[in-house]
$ cat data_38.cif   # mmCIF, C-alpha atoms and all ligand atoms
data_entry
loop_
_atom_site.label_atom_id
_atom_site.label_comp_id
_atom_site.auth_asym_id
_atom_site.auth_seq_id
_atom_site.Cartn_x
_atom_site.Cartn_y
_atom_site.Cartn_z
CA MET A 266 59.07 -13.29 -13.63
CA GLY A 267 62.77 -14.04 -13.63
CA GLU A 268 65.62 -12.56 -15.59
CA CYS A 269 67.57 -14.58 -18.10
CA THR A 270 71.09 -15.48 -16.93
CA ARG A 271 71.96 -17.05 -20.32
CA CYS A 272 72.55 -20.39 -18.64
CA GLY A 273 71.58 -22.36 -21.73
CA ALA A 274 69.25 -24.85 -20.05
CA CYS A 275 66.49 -23.96 -22.50
CA VAL A 276 68.73 -24.47 -25.52
CA ARG A 277 69.76 -27.94 -24.33
CA VAL A 278 66.17 -29.21 -24.44
CA CYS A 279 65.15 -27.35 -27.59
CA ILE A 280 64.21 -29.56 -30.53
CA ALA A 281 64.50 -26.65 -32.98
CA ALA A 282 68.03 -25.90 -31.78
CA ARG A 283 68.95 -29.56 -32.08
CA ARG A 284 67.62 -29.61 -35.63
CA GLY A 285 69.84 -26.75 -36.63
CA THR A 286 68.10 -23.45 -35.89
CA PRO A 287 70.93 -21.04 -35.05
CA THR A 288 70.31 -20.29 -31.39
CA GLY A 289 72.34 -18.12 -29.04
CA ALA A 290 72.87 -18.67 -25.33
CA SER A 291 69.11 -18.81 -24.76
CA VAL A 292 66.22 -19.71 -27.05
CA LEU A 293 65.29 -16.04 -26.87
CA GLU A 294 68.47 -15.03 -28.65
CA ARG A 295 67.78 -16.95 -31.80
CA GLU A 296 67.42 -15.04 -35.03
CA ASP A 297 64.23 -16.76 -36.12
CA PRO A 298 61.63 -16.84 -33.35
CA PHE A 299 59.14 -18.59 -35.65
CA THR A 300 61.11 -21.81 -36.04
CA CYS A 301 59.84 -23.36 -32.86
CA ALA A 302 57.90 -26.56 -32.29
CA GLY A 303 55.93 -25.05 -29.44
CA CYS A 304 56.87 -27.95 -27.16
CA TRP A 305 57.58 -25.63 -24.18
CA LYS A 306 60.36 -27.75 -22.82
CA CYS A 307 62.32 -24.50 -22.63
CA VAL A 308 59.72 -23.06 -20.26
CA GLU A 309 59.85 -26.17 -18.11
CA ALA A 310 63.65 -26.24 -18.05
CA CYS A 311 64.32 -22.61 -17.20
CA PRO A 312 65.61 -22.37 -13.63
CA GLU A 313 64.85 -18.65 -13.45
CA GLY A 314 61.20 -18.82 -14.38
CA VAL A 315 61.71 -16.53 -17.36
CA ASP A 316 58.43 -16.00 -19.20
CA ILE A 317 59.84 -17.47 -22.39
CA TYR A 318 56.42 -17.85 -23.99
CA ALA A 319 55.60 -14.15 -23.69
CA LEU A 320 59.07 -13.06 -24.77
CA MET A 321 58.99 -15.40 -27.75
CA LEU A 322 55.70 -13.84 -28.86
CA GLU A 323 57.19 -10.37 -28.49
CA ALA A 324 60.08 -11.39 -30.71
CA ARG A 325 57.65 -12.75 -33.26
CA ARG A 326 55.64 -9.57 -33.29
CA ARG A 327 58.78 -7.64 -34.12
CA GLY A 328 59.82 -10.10 -36.80
CA ARG A 329 58.78 -10.86 -40.33
CA LEU A 330 55.82 -13.19 -40.53
CA PRO A 331 56.51 -16.44 -42.43
CA GLU A 332 54.18 -17.19 -45.32
CA SER A 333 52.69 -20.22 -43.50
CA PHE A 334 51.63 -17.95 -40.65
CA SER A 335 50.14 -15.40 -43.06
CA PHE A 336 48.21 -18.16 -44.80
CA ALA A 337 46.77 -19.45 -41.53
CA LEU A 338 45.94 -15.92 -40.35
CA ARG A 339 44.14 -15.10 -43.60
CA ASN A 340 42.11 -18.28 -43.16
CA ILE A 341 41.27 -17.37 -39.58
CA LEU A 342 40.19 -13.85 -40.59
CA ASP A 343 38.08 -15.18 -43.49
CA THR A 344 36.44 -18.16 -41.83
CA GLY A 345 37.43 -18.45 -38.16
CA TYR A 346 39.60 -21.52 -38.84
CA SER A 347 43.29 -21.75 -39.58
CA MET A 348 42.75 -24.23 -42.40
CA PRO A 349 40.47 -24.19 -45.42
CA VAL A 350 37.10 -25.58 -44.33
CA ARG A 351 35.06 -25.55 -47.52
CA GLY A 352 33.31 -28.84 -48.11
CA VAL A 353 34.24 -30.29 -44.73
CA ASN A 354 30.65 -30.83 -43.65
CA ALA A 355 29.94 -32.80 -46.84
CA ILE A 356 32.89 -35.06 -46.08
CA ARG A 357 31.69 -35.47 -42.50
CA GLU A 358 28.31 -36.56 -43.76
CA MET A 359 29.99 -39.21 -45.89
CA TYR A 360 31.48 -40.68 -42.73
CA GLY A 361 28.26 -40.44 -40.77
CA LEU A 362 29.38 -37.47 -38.67
CA PRO A 363 26.92 -34.69 -37.86
CA PRO A 364 27.44 -31.37 -39.63
CA ILE A 365 28.99 -28.73 -37.38
CA ARG A 366 27.63 -25.21 -37.79
CA ARG A 367 30.51 -22.84 -38.36
CA VAL A 368 31.24 -19.54 -36.67
CA LYS A 369 29.84 -16.56 -38.56
CA PRO A 370 32.53 -14.54 -40.36
CA GLU A 371 31.14 -11.29 -38.93
CA VAL A 372 31.67 -12.64 -35.41
CA VAL A 373 35.31 -13.30 -36.24
CA ARG A 374 35.69 -9.83 -37.75
CA LYS A 375 34.35 -8.22 -34.59
CA LEU A 376 36.63 -10.25 -32.32
CA LEU A 377 39.75 -9.75 -34.42
CA ARG A 378 39.67 -6.14 -35.50
CA ASP A 379 43.38 -5.41 -35.37
CA VAL A 380 44.90 -8.61 -36.68
CA LYS A 381 47.03 -8.06 -39.77
CA PRO A 382 47.84 -11.24 -41.66
CA GLY A 383 51.22 -9.96 -42.78
CA MET B 161 27.39 -37.04 -18.40
CA GLU B 162 27.95 -34.89 -21.42
CA CYS B 163 30.70 -32.69 -22.76
CA LEU B 164 31.35 -30.43 -25.72
CA LEU B 165 33.78 -31.99 -28.14
CA TYR B 166 36.20 -29.31 -29.32
CA LEU B 167 37.56 -30.50 -32.66
CA GLY B 168 39.90 -27.66 -33.48
CA CYS B 169 40.81 -26.80 -37.06
CA MET B 170 43.07 -29.79 -37.69
CA VAL B 171 40.74 -32.57 -36.60
CA TYR B 172 37.69 -30.87 -38.10
CA ASN B 173 39.53 -30.47 -41.35
CA ARG B 174 41.56 -33.65 -41.67
CA PHE B 175 40.93 -36.41 -39.17
CA PRO B 176 37.30 -37.52 -39.02
CA ASP B 177 38.49 -40.92 -37.82
CA TYR B 178 39.93 -39.41 -34.64
CA GLU B 179 36.59 -37.78 -33.90
CA ILE B 180 34.63 -40.94 -34.74
CA ALA B 181 36.78 -43.05 -32.43
CA ALA B 182 36.74 -40.45 -29.64
CA ARG B 183 32.94 -40.29 -29.75
CA ALA B 184 32.65 -44.09 -29.75
CA VAL B 185 35.00 -44.56 -26.80
CA LEU B 186 33.52 -41.71 -24.76
CA ALA B 187 30.04 -43.17 -25.35
CA ARG B 188 31.21 -46.50 -23.93
CA LEU B 189 32.32 -44.68 -20.80
CA GLY B 190 28.92 -43.07 -20.50
CA ILE B 191 30.06 -39.66 -21.72
CA GLU B 192 28.06 -38.12 -24.49
CA ALA B 193 30.14 -35.89 -26.78
CA ARG B 194 27.92 -33.03 -27.94
CA ASP B 195 28.52 -31.13 -31.17
CA PHE B 196 30.37 -27.87 -30.62
CA HIS B 197 28.46 -25.69 -33.06
CA ASP B 198 29.89 -22.27 -33.94
CA PHE B 199 33.32 -23.12 -32.50
CA ALA B 200 36.30 -21.22 -33.90
CA CYS B 201 40.07 -21.71 -33.97
CA CYS B 202 41.64 -21.81 -30.48
CA SER B 203 43.98 -19.08 -31.86
CA SER B 204 46.79 -21.64 -32.01
CA THR B 205 50.36 -20.46 -32.51
CA PHE B 206 49.22 -18.01 -35.19
CA LEU B 207 47.14 -15.33 -33.50
CA PRO B 208 49.30 -14.84 -30.39
CA SER B 209 52.26 -14.34 -32.72
CA VAL B 210 50.64 -11.16 -34.07
CA SER B 211 48.13 -9.76 -31.60
CA ASP B 212 46.71 -9.76 -28.07
CA GLU B 213 43.34 -10.25 -29.70
CA TRP B 214 44.06 -14.00 -29.66
CA LEU B 215 42.43 -13.98 -26.24
CA TYR B 216 39.12 -12.82 -27.69
CA LEU B 217 38.85 -15.74 -30.07
CA ALA B 218 39.96 -18.29 -27.49
CA SER B 219 37.54 -16.81 -24.93
CA TYR B 220 34.76 -16.84 -27.49
CA ASN B 221 34.99 -20.66 -27.48
CA LEU B 222 34.94 -20.73 -23.68
CA ALA B 223 31.91 -18.42 -23.66
CA LEU B 224 30.00 -20.76 -25.98
CA ALA B 225 30.70 -23.68 -23.66
CA GLU B 226 29.55 -21.71 -20.64
CA ARG B 227 26.34 -20.78 -22.38
CA ARG B 228 25.67 -24.44 -23.04
CA GLY B 229 26.61 -25.34 -19.49
CA MET B 230 29.19 -27.94 -20.45
CA ASP B 231 32.89 -28.56 -20.06
CA ILE B 232 35.13 -28.80 -23.09
CA VAL B 233 36.96 -31.94 -24.16
CA SER B 234 39.66 -31.23 -26.71
CA LEU B 235 41.51 -33.55 -29.03
CA CYS B 236 44.76 -31.71 -29.81
CA GLY B 237 47.64 -30.49 -27.73
CA THR B 238 47.77 -26.89 -28.83
CA CYS B 239 44.00 -26.35 -28.63
CA THR B 240 44.09 -27.64 -25.06
CA GLY B 241 47.02 -25.40 -24.22
CA MET B 242 45.54 -22.25 -25.71
CA LEU B 243 42.11 -22.72 -24.15
CA ARG B 244 43.74 -23.33 -20.77
CA ARG B 245 45.92 -20.27 -21.28
CA ALA B 246 42.81 -18.21 -21.95
CA LEU B 247 41.20 -19.57 -18.79
CA ARG B 248 44.21 -18.50 -16.79
CA GLU B 249 44.19 -14.98 -18.30
CA LEU B 250 40.50 -14.67 -17.48
CA ARG B 251 41.18 -15.11 -13.76
CA ASP B 252 42.34 -11.48 -13.77
CA GLY B 253 39.26 -9.33 -13.31
CA GLU B 254 40.55 -6.47 -15.44
CA VAL B 255 41.42 -8.79 -18.29
CA ARG B 256 38.03 -10.45 -17.98
CA ASP B 257 36.27 -7.08 -18.21
CA ARG B 258 38.22 -6.17 -21.31
CA VAL B 259 37.41 -9.54 -22.93
CA ASN B 260 33.76 -9.21 -21.98
CA SER B 261 33.41 -5.78 -23.49
CA ARG B 262 34.56 -7.26 -26.80
CA LEU B 263 32.47 -10.43 -26.44
CA ALA B 264 29.42 -8.24 -25.76
CA GLU B 265 29.64 -7.11 -29.38
CA VAL B 266 28.80 -10.65 -30.42
CA GLY B 267 26.25 -11.20 -27.69
CA LEU B 268 28.39 -13.33 -25.39
CA GLU B 269 29.90 -13.18 -21.94
CA VAL B 270 32.63 -15.22 -20.30
CA ALA B 271 33.31 -15.97 -16.63
CA GLY B 272 36.01 -18.59 -17.10
CA SER B 273 33.91 -21.28 -15.48
CA ALA B 274 33.92 -23.99 -18.14
CA GLY B 275 36.47 -26.74 -17.70
CA VAL B 276 38.95 -27.64 -20.43
CA ALA B 277 40.39 -31.14 -20.56
CA HIS B 278 42.17 -33.06 -23.24
CA LEU B 279 40.75 -36.47 -24.12
CA ILE B 280 43.69 -38.19 -22.38
CA GLU B 281 42.81 -36.45 -19.14
CA VAL B 282 39.18 -37.52 -19.36
CA LEU B 283 40.11 -41.10 -20.16
CA ILE B 284 42.59 -41.38 -17.32
CA GLN B 285 40.01 -39.96 -14.92
CA HIS B 286 37.78 -42.85 -16.01
CA ARG B 287 40.48 -45.48 -15.95
CA GLU B 288 38.41 -48.04 -13.98
CA LYS B 289 35.65 -47.80 -16.56
CA VAL B 290 38.20 -48.10 -19.34
CA GLU B 291 39.57 -51.22 -17.70
CA ARG B 292 36.11 -52.75 -17.41
CA GLU B 293 35.35 -52.10 -21.07
CA VAL B 294 38.38 -54.01 -22.34
CA SER B 295 36.94 -57.21 -23.79
CA THR B 296 39.43 -58.00 -26.54
CA PRO B 297 42.96 -57.57 -25.21
CA LEU B 298 45.21 -56.51 -28.06
CA LYS B 299 48.19 -58.38 -29.34
CA LEU B 300 50.05 -55.41 -30.63
CA ARG B 301 53.25 -53.57 -29.89
CA VAL B 302 52.80 -49.83 -29.91
CA ALA B 303 54.89 -46.71 -29.41
CA LEU B 304 53.45 -43.55 -27.91
CA GLN B 305 53.63 -39.90 -28.91
CA HIS B 306 52.71 -37.76 -25.91
CA PRO B 307 51.19 -34.45 -27.07
CA CYS B 308 53.45 -31.72 -25.62
CA ASN B 309 50.88 -29.06 -24.89
CA VAL B 310 48.69 -31.39 -22.88
CA PHE B 311 51.54 -31.75 -20.37
CA ARG B 312 53.59 -28.56 -20.73
CA PRO B 313 53.89 -26.02 -19.31
CA ALA B 314 53.10 -28.04 -16.17
CA GLU B 315 51.74 -24.92 -14.54
CA LEU B 316 48.94 -24.83 -17.14
CA ALA B 317 48.47 -28.59 -17.40
CA GLY B 318 48.01 -29.28 -13.73
CA PHE B 319 48.31 -33.04 -14.09
CA ASP B 320 50.90 -35.71 -14.84
CA ASP B 321 54.65 -35.31 -15.29
CA PRO B 322 55.77 -32.66 -17.80
CA TRP B 323 58.93 -34.56 -18.76
CA ARG B 324 57.72 -38.15 -18.73
CA PRO B 325 53.94 -38.13 -18.81
CA ARG B 326 52.39 -41.44 -17.76
CA ALA B 327 48.69 -41.12 -18.60
CA MET B 328 48.87 -42.35 -22.18
CA ARG B 329 51.04 -45.28 -21.21
CA GLU B 330 48.66 -46.32 -18.47
CA LEU B 331 45.74 -46.18 -20.87
CA ALA B 332 47.55 -48.01 -23.65
CA GLU B 333 48.64 -50.74 -21.24
CA LEU B 334 45.03 -51.33 -20.19
CA THR B 335 44.30 -52.49 -23.74
CA GLY B 336 46.71 -55.40 -23.43
CA ALA B 337 48.99 -53.87 -26.04
CA GLU B 338 52.68 -53.97 -25.32
CA VAL B 339 53.99 -50.43 -25.03
CA VAL B 340 57.58 -50.29 -26.24
CA ASP B 341 60.17 -47.98 -24.74
CA TYR B 342 61.95 -46.15 -27.50
CA PRO B 343 64.77 -43.67 -27.10
CA LEU B 344 62.88 -40.71 -28.57
CA GLU B 345 59.58 -41.36 -26.77
CA TYR B 346 59.51 -38.11 -24.82
CA GLU B 347 60.66 -35.92 -27.70
CA CYS B 348 58.24 -33.51 -29.34
CA CYS B 349 57.06 -34.87 -32.72
CA GLY B 350 58.29 -31.70 -34.41
CA SER B 351 55.19 -31.26 -36.57
CA THR B 352 54.96 -27.53 -35.94
CA LEU B 353 58.44 -27.12 -37.38
CA LEU B 354 56.86 -27.90 -40.77
CA LEU B 355 55.46 -24.36 -40.71
CA THR B 356 58.84 -22.83 -41.31
CA SER B 357 61.05 -25.74 -42.29
CA GLU B 358 59.79 -28.77 -44.18
CA GLU B 359 63.26 -30.26 -43.74
CA MET B 360 63.26 -30.01 -39.94
CA GLY B 361 59.73 -31.33 -39.60
CA ILE B 362 60.26 -34.30 -41.88
CA SER B 363 63.62 -35.24 -40.38
CA SER B 364 62.14 -35.06 -36.92
CA GLY B 365 59.23 -37.30 -37.96
CA ALA B 366 61.61 -39.75 -39.62
CA ASP B 367 63.82 -40.00 -36.54
CA LYS B 368 60.87 -40.64 -34.27
CA LEU B 369 59.22 -43.27 -36.43
CA LEU B 370 62.53 -44.99 -36.99
CA SER B 371 63.34 -44.98 -33.29
CA ALA B 372 59.91 -46.49 -32.51
CA ARG B 373 60.20 -49.08 -35.24
CA GLU B 374 63.62 -50.19 -34.16
CA ALA B 375 62.18 -50.74 -30.68
CA GLY B 376 59.70 -53.14 -32.25
CA ALA B 377 56.57 -50.99 -32.46
CA GLN B 378 53.89 -51.91 -34.99
CA ALA B 379 52.05 -48.61 -34.71
CA MET B 380 52.58 -45.09 -33.43
CA VAL B 381 49.77 -44.07 -31.11
CA VAL B 382 49.00 -40.35 -31.07
CA SER B 383 46.42 -38.18 -29.39
CA CYS B 384 46.74 -34.94 -31.29
CA GLY B 385 45.88 -33.90 -34.84
CA ASN B 386 49.16 -32.07 -35.23
CA CYS B 387 51.23 -35.17 -34.45
CA ALA B 388 49.11 -37.18 -36.88
CA TYR B 389 49.55 -34.49 -39.49
CA LEU B 390 53.29 -35.19 -39.46
CA PHE B 391 53.32 -38.97 -38.97
CA ASP B 392 50.38 -39.81 -41.21
CA ARG B 393 49.98 -37.03 -43.79
CA HIS B 394 53.70 -36.69 -44.34
CA LEU B 395 54.55 -40.37 -44.25
CA GLN B 396 55.48 -40.35 -47.92
CA GLU B 397 57.97 -37.53 -47.47
CA ILE B 398 59.28 -39.22 -44.33
CA ARG B 399 59.76 -42.48 -46.21
CA ALA B 400 61.39 -40.72 -49.13
CA ARG B 401 64.00 -39.68 -46.63
CA ARG B 402 64.24 -42.86 -44.58
CA ALA B 403 62.53 -45.76 -46.32
CA GLU B 404 62.50 -47.88 -43.14
CA ALA B 405 60.61 -45.20 -41.18
CA GLU B 406 57.29 -46.83 -41.98
CA LEU B 407 54.77 -47.06 -39.18
CA PRO B 408 50.99 -46.69 -39.23
CA THR B 409 49.51 -43.98 -37.02
CA LEU B 410 46.72 -44.89 -34.62
CA PHE B 411 44.73 -42.44 -32.54
CA LEU B 412 44.57 -43.34 -28.86
CA PRO B 413 40.77 -43.82 -28.89
CA GLN B 414 41.18 -46.17 -31.85
CA LEU B 415 43.56 -48.30 -29.80
CA LEU B 416 41.18 -48.27 -26.82
CA GLY B 417 38.16 -48.88 -29.04
CA LEU B 418 39.70 -51.98 -30.58
CA SER B 419 40.27 -53.43 -27.13
CA PHE B 420 36.65 -52.60 -26.26
CA GLY B 421 35.66 -54.87 -29.16
CA ILE B 422 34.44 -51.97 -31.31
CA SER B 423 34.91 -52.81 -34.99
CA ALA B 424 37.72 -51.24 -37.01
CA ARG B 425 35.08 -49.70 -39.24
CA GLU B 426 33.21 -48.10 -36.37
CA LEU B 427 36.50 -46.59 -35.26
CA GLY B 428 37.10 -45.07 -38.67
CA LEU B 429 40.19 -47.18 -39.34
CA ASP B 430 39.19 -47.65 -42.98
CA ILE B 431 39.15 -43.88 -43.57
CA ARG B 432 42.92 -43.52 -43.59
CA GLY B 433 43.38 -47.16 -44.60
CA VAL B 434 45.23 -48.09 -41.42
CA GLU B 435 46.57 -51.62 -41.57
CA LEU B 436 48.07 -53.17 -38.50
CA GLY B 437 50.38 -56.07 -38.92
S1 LIG C 501 59.03 -24.33 -27.39
FE1 LIG C 501 60.26 -23.79 -29.17
S2 LIG C 501 62.03 -22.73 -28.32
FE2 LIG C 501 61.07 -23.83 -26.61
S3 LIG C 501 62.14 -25.79 -26.51
FE3 LIG C 501 60.33 -26.12 -27.80
S4 LIG C 501 61.06 -25.75 -29.90
FE4 LIG C 501 62.61 -24.87 -28.51
S1 LIG C 502 66.93 -21.44 -19.26
FE1 LIG C 502 66.06 -19.44 -18.64
S2 LIG C 502 67.76 -18.37 -17.67
FE2 LIG C 502 68.68 -20.09 -18.79
S3 LIG C 502 69.19 -19.21 -20.80
FE3 LIG C 502 67.15 -20.06 -21.00
S4 LIG C 502 65.75 -18.36 -20.56
FE4 LIG C 502 67.80 -17.76 -19.82
#
$ encode --input "data_38.cif" --output "structure tokens"
Amino acid sequence: MGECTRCGACVRVCIAARRGTPTGASVLEREDPFTCAGCWKCVEACPEGVDIYALMLEARRRGRLPESFSFALRNILDTGYSMPVRGVNAIREMYGLPPIRRVKPEVVRKLLRDVKPG
Amino acid sequence: MECLLYLGCMVYNRFPDYEIAARAVLARLGIEARDFHDFACCSSTFLPSVSDEWLYLASYNLALAERRGMDIVSLCGTCTGMLRRALRELRDGEVRDRVNSRLAEVGLEVAGSAGVAHLIEVLIQHREKVEREVSTPLKLRVALQHPCNVFRPAELAGFDDPWRPRAMRELAELTGAEVVDYPLEYECCGSTLLLTSEEMGISSGADKLLSAREAGAQAMVVSCGNCAYLFDRHLQEIRARRAEAELPTLFLPQLLGLSFGISARELGLDIRGVELG
């Protein structure tokens, strides 16, 4: 993995930077690592092969979780899905789609023991 | 041929018409989409942002597919990206052992042997069949939204061009539709920005739809629930900002299905009330 030279190539392709997220010389220097579209143009553009994805996650783990992330994480811990899923199978039936059996909550709890939803 | 259709949270929750159309089109190509019972979230952007345990949930999905002996076909960009990322992590024997000791607690095991492909990838692999199925060439001008995580990072995607992907365009052109070039075509839709900034997400959606409309498009063709979430579910907010940014959203398999002569109803077009004109 390469070292960041602060060349700015990642910032030039970053949609979040273009839309006004204060960003330093590299996308890794921005204050808010959560405001990111996840388009990974930065990864593609980096001439040094910096592992921007991993470093971005590290920054997020140090930061304060936005409410939208907490909401999704609580859903995942409760049901295994990031969005509310109650009643979805009934709606599917209305449209002629087969019901999908959902993951058991205890399976999710065993797989995600350490996840804190913020 | 059969595959497991991985819906992901977004499509399962909000876009039955995408699933209906995907199933219909795959069936025409001789691919049976099997129900992915017990699937869970791919881990998305949420779990990796807080814990390494994201890999357990992503691998859980892969383990289910292996047990059923089928490859996965996914419908969204991020799901595809995260499942592929998990596959790559699992190539490391030590990581795989660690994942397996956790999966053992739920009676599963993963080798990393199931394939993961986004619908676009499957369709382009069957392009000759797609071409043969076109019976009603479309008279429609469309713009394309290429789902980022299907094509980037290129190292995970392993097909097409990460900056200017061609697969969707090739497929859309087979339908007879005119694919417009619009200045913002290869930009990310910006939907994920909605998570932390409604303003950034909506303005990004408005710019894209406007750019496509000004190029003459009559519909925005997407192949990801997250893109549709912005363009379709937030259309009112987008229009409140830029009234002219009005464009119906079509899922890629709906576009293909129409050219195959499948009825609008059988493609779920009535569900979101899509009107093309
Ligand atoms: S992934 Fe995030 S940081 Fe990287 S270019 Fe896209 S929006 Fe910017
Ligand atoms: S493109 Fe790579 S080297 Fe250049 S600033 Fe960004 S992370 Fe650093």
$ residues_near_point --input "data_38.cif" --point "(41.6, -6.3, -27.7)" --cutoff "9 Å" --atoms "all atoms listed in the file" --output "ChimeraX atom specification"
/A:376-379 /B:211-216,258-259,262
$ atom_distance --input "data_38.cif" --atom1 "CA of Glu359 (chain B)" --atom2 "CA of Leu293 (chain A)"
22.2 Å
$ interface_residues --input "data_38.cif" --of "chain A" --to "chain B" --cutoff "6 Å" --atoms "only C-alpha atoms" --output "count of residues only"
16
$ atom_distance --input "data_38.cif" --atom1 "CA of Pro312 (chain A)" --atom2 "CA of Thr288 (chain A)"
18.5 Å
$ residues_near_ligand --input "data_38.cif" --ligand "ligand LIG 502 (chain C)" --cutoff "6 Å" --atoms "all atoms listed in the file" --output "VMD selection string"
chain A and resid 269 to 275 290 to 291 310 to 313 315
$ write_last_selection --input "data_38.cif" --atoms "C-alpha atoms" --output "tab-separated table (two decimals), keeping the file's coordinate frame"
chain	number	residue	atom	x	y	z
A	269	CYS	CA	67.57	-14.58	-18.10
A	270	THR	CA	71.09	-15.48	-16.93
A	271	ARG	CA	71.96	-17.05	-20.32
A	272	CYS	CA	72.55	-20.39	-18.64
A	273	GLY	CA	71.58	-22.36	-21.73
A	274	ALA	CA	69.25	-24.85	-20.05
A	275	CYS	CA	66.49	-23.96	-22.50
A	290	ALA	CA	72.87	-18.67	-25.33
A	291	SER	CA	69.11	-18.81	-24.76
A	310	ALA	CA	63.65	-26.24	-18.05
A	311	CYS	CA	64.32	-22.61	-17.20
A	312	PRO	CA	65.61	-22.37	-13.63
A	313	GLU	CA	64.85	-18.65	-13.45
A	315	VAL	CA	61.71	-16.53	-17.36
$ residues_around --input "data_38.cif" --residues "region 406-409 of chain B" --least-positions-apart "4" --cutoff "10 Å" --atoms "only C-alpha atoms" --output "PyMOL selection string"
chain B and resi 302-305+366+369-370+372-373+377-382+387-393+395-396+398-399+402+432-437
$ atom_distance --input "data_38.cif" --atom1 "CA of Leu410 (chain B)" --atom2 "CA of Val340 (chain B)"
14.7 Å
$ closest_residue --input "data_38.cif" --among "A:Val380, A:Ala337, A:Met321, A:Met266" --to "ligand LIG 501 (chain C)" --atoms "all atoms listed in the file"
A:Met321
$ residues_near_ligand --input "data_38.cif" --ligand "ligand LIG 501 (chain C)" --cutoff "6 Å" --atoms "all atoms listed in the file" --output "ChimeraX atom specification"
/A:278-281,292,301-307
$ residues_around --input "data_38.cif" --residues "Leu279 (chain B)" --least-positions-apart "4" --cutoff "9 Å" --atoms "all atoms listed in the file" --output "PDB file with C-alpha atoms, in the coordinates of the input"
ATOM      1  CA  ALA B 182      36.740 -40.450 -29.640  1.00  0.00           C
ATOM      2  CA  LEU B 186      33.520 -41.710 -24.760  1.00  0.00           C
ATOM      3  CA  VAL B 233      36.960 -31.940 -24.160  1.00  0.00           C
ATOM      4  CA  SER B 234      39.660 -31.230 -26.710  1.00  0.00           C
ATOM      5  CA  LEU B 235      41.510 -33.550 -29.030  1.00  0.00           C
ATOM      6  CA  CYS B 236      44.760 -31.710 -29.810  1.00  0.00           C
ATOM      7  CA  LEU B 283      40.110 -41.100 -20.160  1.00  0.00           C
ATOM      8  CA  ILE B 284      42.590 -41.380 -17.320  1.00  0.00           C
ATOM      9  CA  SER B 383      46.420 -38.180 -29.390  1.00  0.00           C
ATOM     10  CA  PRO B 413      40.770 -43.820 -28.890  1.00  0.00           C
TER      11      PRO B 413
END
$ closest_residue --input "data_38.cif" --among "B:Arg326, B:Asn386, B:Gly190, B:Arg228" --to "Ser273 (chain B)" --atoms "only C-alpha atoms"
B:Arg228
$ axis_aligned_box --input "data_38.cif" --around "region 269-280 of chain A" --padding-each-side "8 Å" --output "AutoDock Vina command-line options"
--center_x 68.4 --center_y -22.1 --center_z -23.7 --size_x 24.3 --size_y 31.0 --size_z 29.6
$ closest_residue --input "data_38.cif" --among "B:Lys289, B:Leu224, B:Leu412, B:Gly417" --to "Gly385 (chain B)" --atoms "all atoms listed in the file"
B:Leu412
$ closest_residue --input "data_38.cif" --among "A:Ala282, A:Leu338, A:Val276, A:Leu330" --to "Ile317 (chain A)" --atoms "all atoms listed in the file"
A:Val276
